[in-house]
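Okay, so here's the structure we're looking at.
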Amino acid sequence: MFVTALGLLDFRSYPQVEVQLTPGVTAFVGPNGQGKTNLVEAIHYTATLGSHRVANDAPLVRAGAARAIVRTEIHSDHDRDLVVELEINPGRANRARVNRSPVPRPREVLGLLRTVLFAPEDLALVKGDPSERRRFLDELLTLRTPRMAGVRQDYDRVLKQRNSLLRSAQQARRQNRSSAAEAQLRTLEVWDSNLARAGSELLATRLELLESLRPLVSSAYDAVARGKGDARLEYKSSVPLEPGVTSREQLAAVLLDEVHQRRQDELDRGVSLVGPHRDDVVLGLGDLPAKGYASHGESWSFALALRLASYELLKADGGEPVLILDDVFAELDTSRRDRLAELVAPAEQVLVTAAVGADVPLELSGARFDVGDGTVLRA
Ligand SMILES: Nc1ncnc2c1ncn2[C@@H]1O[C@H](COP(=O)(O)OP(=O)(O)OP(=O)(O)O)[C@@H](O)[C@H]1O
């Protein structure tokens with residue numbers, strides 16, 4: 001799979017731009033703030049319907065414009081070539097077209113393009129909050145199994161409803177409105193089951209994903225750090241998970257049981273304390289956790305290993321994803337930079353951004369575009 005063309009209208013800094021792409025390596029080179037990342041962000045957005053830089057769509061639309069359009073043309077391994085067009089409408093529903101036909105919901109484009117993006121922000125996968133690692137897992141889940149976007153949305157909706165109910169119940173109790181508090185508790189039972197249903201689906205697929213990812217991360221870490229260290233991943237759940245408890249039904253029962261156990265705690269705090277939204281993936285190096293212990297270089301190796309493992313996993317289960325390396329080479333020391341370049345060079349399509357040409361390792365020589373003053377010109 002590779003991207004053959006990108007067209008942007010009012011996306012980030014671009015009023016309008018068209019770029020024709022080829023397989024192999026393509027570097028976007030230009031001074032800071034000229035719009036290199038904006039180009040690859042648009043491609044990654046087509047694959048994930050999310051940005052690696054912002055949590056909502058508004059900043060993706062050019063300041064002063066009402067909507068942005070991202071058109072990505074894809075040469076696909078299995079299907080005929082595809083044109084995916086996304087209309088980003090902050091504050092209103094986004095729209096999507098595939099081969100010029102509207103699709104009912106934008107999330108139906110998930111799975112048509114698969115990308116793995118490496119960026120300086122990836123260091124937060126190792127050093128940052130659990131939410132970073134949950135996002136990593138869920139984004140990968142969705143790339144592998146697009147219907148998980150619906151499950152995640154469903155879970156978030158349940159969580160929002162349940163939290164609002166817990167807050168109302170907390171207030172009713174504080175104000176001694178006992179009949180209101182009782183009614184809310186009865187409604188809460190329904191939302192407990194909803195949480196267990198959607199939560200168990202998410203938890204089960206995360207656990208399956210982690211099983212597949214574990215050996216790949218370990219060997220990718222070996223490759224990046226040249227055999228120094230033993231990278232491990234452990235799922236840390238907000239519920240006690242016994243070995244062998246992996247089916248949706250078993251996990252739903254465990255979640256429901258824990259929700260009942262923590263009822264008082266949840267009512268006291270007015271927030272859902274049990275479920276995959278509270279989970280984490282503990283990254284370990286040897287016997288120590290990476291967070292708080294790993295050196296800067298080791299943390300980078302771990303972050304790169306997570307991305308390389310994602311790439312291997314996606315490649316193994318359904319066609320090679322497009323690799324995007326956004327500004328990473330300037331961040332890495334020479335040895336990691338060379339290793340990464342060697343490891344990604346054979347990929348079908350690699351898109352690299354760099355402030356200066358010298359930041360792009362020689363192994364990754366290929367097509368080059370100069371980016372500046374709102375233009376993207378083939379060098
Ligand atoms: N919604 C928007 N509307 C208008 N301009 C925007 C918008 N979002 C970002 N920009 C502009 O885009 C530019 C940043 O683009 P981008 O992040 O792609 O730069 P870059 O070339 O990758 O730079 P660097 O090398 O520093 O990473 C900034 O000048 C920023 O002001």
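Scheme for the structure tokens: letters A, B, ... for chains in order shown; per-chain residue numbers from 1; ligand numbers from 1 in order shown.
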
Per-residue DSSP, range 199-342 of chain A, filtered to helix (DSSP H, G or I), as a ChimeraX atom specification: /A:199-225,248-261,263-269,276-278,296-316,329-331,334-342

Write as an MDAnalysis selection string the residues around ligand 1, taking 6 Å as the cut-off and counting only C-alpha atoms and all ligand atoms. chainID A and resid 12:13 31:38 59:63 355

Per residue of range 191-294 of chain A within 12 Å of range 118-123 of chain A, which atom pair is closest and at what distance in Å (one decimal), using only C-alpha atoms, listed by chain and increasing number, as a Markdown table?
```
| residue | atom | partner | partner_atom | distance |
| --- | --- | --- | --- | --- |
| A:Ala290 | CA | A:Leu123 | CA | 11.4 |
| A:Lys291 | CA | A:Leu123 | CA | 10.5 |
| A:Ala294 | CA | A:Leu123 | CA | 11.5 |
```

Range 51-217 of chain A: residues DSSP assigns to strand (DSSP E or B), reported as JSON, numbers by chain: {"A": [61, 68, 69, 70, 71, 72, 73, 74, 75, 82, 83, 84, 85, 86, 87, 88, 95, 96, 97, 98, 101, 102, 110, 113, 115, 116, 117, 118]}

Those residues you just picked out, can you put them in a file as a PDB file, in the first residue's frame with N, CA and C atoms?
```pdb
ATOM      1  N   VAL A  61      -8.025  22.924  10.711  1.00  0.00           N
ATOM      2  CA  VAL A  61      -8.625  23.778   9.687  1.00  0.00           C
ATOM      3  C   VAL A  61      -7.877  25.108   9.666  1.00  0.00           C
ATOM      4  N   ALA A  68     -11.889  22.031   6.269  1.00  0.00           N
ATOM      5  CA  ALA A  68     -10.687  21.607   5.542  1.00  0.00           C
ATOM      6  C   ALA A  68     -11.027  20.360   4.743  1.00  0.00           C
ATOM      7  N   ILE A  69     -10.340  20.188   3.632  1.00  0.00           N
ATOM      8  CA  ILE A  69     -10.532  18.949   2.864  1.00  0.00           C
ATOM      9  C   ILE A  69      -9.173  18.279   2.651  1.00  0.00           C
ATOM     10  N   VAL A  70      -9.136  16.993   2.956  1.00  0.00           N
ATOM     11  CA  VAL A  70      -7.921  16.194   2.744  1.00  0.00           C
ATOM     12  C   VAL A  70      -8.277  15.103   1.742  1.00  0.00           C
ATOM     13  N   ARG A  71      -7.595  15.109   0.603  1.00  0.00           N
ATOM     14  CA  ARG A  71      -7.844  14.047  -0.387  1.00  0.00           C
ATOM     15  C   ARG A  71      -6.589  13.193  -0.524  1.00  0.00           C
ATOM     16  N   THR A  72      -6.745  11.915  -0.281  1.00  0.00           N
ATOM     17  CA  THR A  72      -5.585  11.021  -0.331  1.00  0.00           C
ATOM     18  C   THR A  72      -5.855   9.940  -1.370  1.00  0.00           C
ATOM     19  N   GLU A  73      -4.943   9.794  -2.314  1.00  0.00           N
ATOM     20  CA  GLU A  73      -5.100   8.730  -3.319  1.00  0.00           C
ATOM     21  C   GLU A  73      -4.169   7.596  -2.922  1.00  0.00           C
ATOM     22  N   ILE A  74      -4.730   6.395  -2.917  1.00  0.00           N
ATOM     23  CA  ILE A  74      -4.001   5.260  -2.338  1.00  0.00           C
ATOM     24  C   ILE A  74      -3.898   4.137  -3.360  1.00  0.00           C
ATOM     25  N   HIS A  75      -2.684   3.635  -3.536  1.00  0.00           N
ATOM     26  CA  HIS A  75      -2.540   2.397  -4.307  1.00  0.00           C
ATOM     27  C   HIS A  75      -2.619   1.260  -3.300  1.00  0.00           C
ATOM     28  N   LEU A  82      -7.752   3.712  -4.543  1.00  0.00           N
ATOM     29  CA  LEU A  82      -8.820   4.396  -3.812  1.00  0.00           C
ATOM     30  C   LEU A  82      -8.540   5.886  -3.716  1.00  0.00           C
ATOM     31  N   VAL A  83      -9.618   6.652  -3.723  1.00  0.00           N
ATOM     32  CA  VAL A  83      -9.485   8.078  -3.404  1.00  0.00           C
ATOM     33  C   VAL A  83     -10.342   8.318  -2.159  1.00  0.00           C
ATOM     34  N   VAL A  84      -9.687   8.709  -1.079  1.00  0.00           N
ATOM     35  CA  VAL A  84     -10.410   8.968   0.169  1.00  0.00           C
ATOM     36  C   VAL A  84     -10.423  10.472   0.390  1.00  0.00           C
ATOM     37  N   GLU A  85     -11.626  11.013   0.543  1.00  0.00           N
ATOM     38  CA  GLU A  85     -11.737  12.464   0.713  1.00  0.00           C
ATOM     39  C   GLU A  85     -12.415  12.733   2.052  1.00  0.00           C
ATOM     40  N   LEU A  86     -11.759  13.502   2.872  1.00  0.00           N
ATOM     41  CA  LEU A  86     -12.329  13.806   4.194  1.00  0.00           C
ATOM     42  C   LEU A  86     -12.593  15.291   4.286  1.00  0.00           C
ATOM     43  N   GLU A  87     -13.779  15.620   4.771  1.00  0.00           N
ATOM     44  CA  GLU A  87     -14.120  17.031   4.978  1.00  0.00           C
ATOM     45  C   GLU A  87     -14.173  17.237   6.480  1.00  0.00           C
ATOM     46  N   ILE A  88     -13.314  18.105   6.974  1.00  0.00           N
ATOM     47  CA  ILE A  88     -13.232  18.325   8.423  1.00  0.00           C
ATOM     48  C   ILE A  88     -14.014  19.589   8.765  1.00  0.00           C
ATOM     49  N   ARG A  95     -17.359  14.748   7.143  1.00  0.00           N
ATOM     50  CA  ARG A  95     -17.925  13.923   6.074  1.00  0.00           C
ATOM     51  C   ARG A  95     -16.812  13.208   5.332  1.00  0.00           C
ATOM     52  N   ALA A  96     -17.169  12.092   4.705  1.00  0.00           N
ATOM     53  CA  ALA A  96     -16.148  11.338   3.967  1.00  0.00           C
ATOM     54  C   ALA A  96     -16.708  10.842   2.649  1.00  0.00           C
ATOM     55  N   ARG A  97     -15.832  10.769   1.654  1.00  0.00           N
ATOM     56  CA  ARG A  97     -16.201  10.188   0.365  1.00  0.00           C
ATOM     57  C   ARG A  97     -15.112   9.191  -0.024  1.00  0.00           C
ATOM     58  N   VAL A  98     -15.527   8.073  -0.566  1.00  0.00           N
ATOM     59  CA  VAL A  98     -14.557   7.107  -1.077  1.00  0.00           C
ATOM     60  C   VAL A  98     -14.851   6.943  -2.560  1.00  0.00           C
ATOM     61  N   SER A 101     -17.896   8.744  -3.817  1.00  0.00           N
ATOM     62  CA  SER A 101     -19.226   8.449  -3.260  1.00  0.00           C
ATOM     63  C   SER A 101     -19.225   8.699  -1.770  1.00  0.00           C
ATOM     64  N   PRO A 102     -20.217   9.435  -1.259  1.00  0.00           N
ATOM     65  CA  PRO A 102     -20.272   9.674   0.183  1.00  0.00           C
ATOM     66  C   PRO A 102     -20.443   8.356   0.940  1.00  0.00           C
ATOM     67  N   LEU A 110     -11.732   4.018   7.887  1.00  0.00           N
ATOM     68  CA  LEU A 110     -10.658   3.392   8.672  1.00  0.00           C
ATOM     69  C   LEU A 110     -10.338   2.029   8.064  1.00  0.00           C
ATOM     70  N   LEU A 113      -6.441   3.026   4.543  1.00  0.00           N
ATOM     71  CA  LEU A 113      -5.026   3.401   4.535  1.00  0.00           C
ATOM     72  C   LEU A 113      -4.479   3.080   5.917  1.00  0.00           C
ATOM     73  N   THR A 115      -1.135   3.605   8.406  1.00  0.00           N
ATOM     74  CA  THR A 115       0.137   4.319   8.563  1.00  0.00           C
ATOM     75  C   THR A 115       0.709   4.018   9.943  1.00  0.00           C
ATOM     76  N   VAL A 116       2.024   4.094  10.031  1.00  0.00           N
ATOM     77  CA  VAL A 116       2.677   4.093  11.349  1.00  0.00           C
ATOM     78  C   VAL A 116       3.535   5.339  11.380  1.00  0.00           C
ATOM     79  N   LEU A 117       3.294   6.175  12.377  1.00  0.00           N
ATOM     80  CA  LEU A 117       3.987   7.462  12.433  1.00  0.00           C
ATOM     81  C   LEU A 117       4.953   7.501  13.610  1.00  0.00           C
ATOM     82  N   PHE A 118       6.182   7.909  13.322  1.00  0.00           N
ATOM     83  CA  PHE A 118       7.200   8.129  14.357  1.00  0.00           C
ATOM     84  C   PHE A 118       7.341   9.644  14.503  1.00  0.00           C
TER      85      PHE A 118
END
```

Given the choices A:Thr142, A:Ser301, A:Thr375, A:Gln250, which gets closest to Ala47 in chain A if the distance is worked out from only C-alpha atoms?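 That would be A:Thr142, the residue with the smallest distance to Ala47 in chain A.
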
When distances are computed from only C-alpha atoms, which of A:Val282, A:Ala42, A:Leu332, A:Val344 shows the smallest separation from Arg133 in chain A?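 Ranking A:Val282, A:Ala42, A:Leu332, A:Val344 by distance to Arg133 in chain A, first place goes to A:Val282.
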
Extract, using only C-alpha atoms, all DNA, RNA and protein residues at most 12 Å from Arg147 in chain A, discarding same-chain residues fewer than 3 positions from it, and format them as a VMD selection string. chain A and resid 107 to 111 138 to 139 141 to 144 150 to 154 201 to 202 205

Of the listed residues A:Tyr45, A:Tyr155, A:Phe11, A:Trp300, that which approaches Lys127 in chain A most closely, counting only C-alpha atoms: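 With only C-alpha atoms as the atom set, the closest residue is A:Trp300.
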
In Å, rounded to a single decimal, give me how far CA of Asp280 in chain A is from CA of Gly50 in chain A. 20.7 Å

Counting only C-alpha atoms, what are the residues of range 77-167 of chain A within 12 Å of range 223-244 of chain A, and for each of them which pair of atoms is the nearest and at what distance in Å, to one decimal? Sort the table by chain and rising number, as a tab-separated table.
```
residue	atom	partner	partner_atom	distance
A:Val126	CA	A:Leu233	CA	11.2
A:Pro130	CA	A:Lys236	CA	9.8
A:Arg133	CA	A:Tyr235	CA	10.3
A:Arg134	CA	A:Tyr235	CA	10.2
A:Leu137	CA	A:Tyr235	CA	10.7
```

Restricting it to C-alpha atoms, dump the selection as a PDB file, in the first residue's frame.
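Below is the file that was written, out20.pdb:
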```pdb
ATOM      1  CA  VAL A 126       7.656   5.892  27.610  1.00  0.00           C
ATOM      2  CA  PRO A 130      -0.905   6.160  31.038  1.00  0.00           C
ATOM      3  CA  ARG A 133       0.005   4.331  26.151  1.00  0.00           C
ATOM      4  CA  ARG A 134      -3.738   3.701  26.060  1.00  0.00           C
ATOM      5  CA  LEU A 137      -2.888   0.685  21.965  1.00  0.00           C
TER       6      LEU A 137
END
```

Closest to Phe2 in chain A among A:Leu49, A:Leu213, A:Ala309, A:Leu112, using only C-alpha atoms? A:Leu112
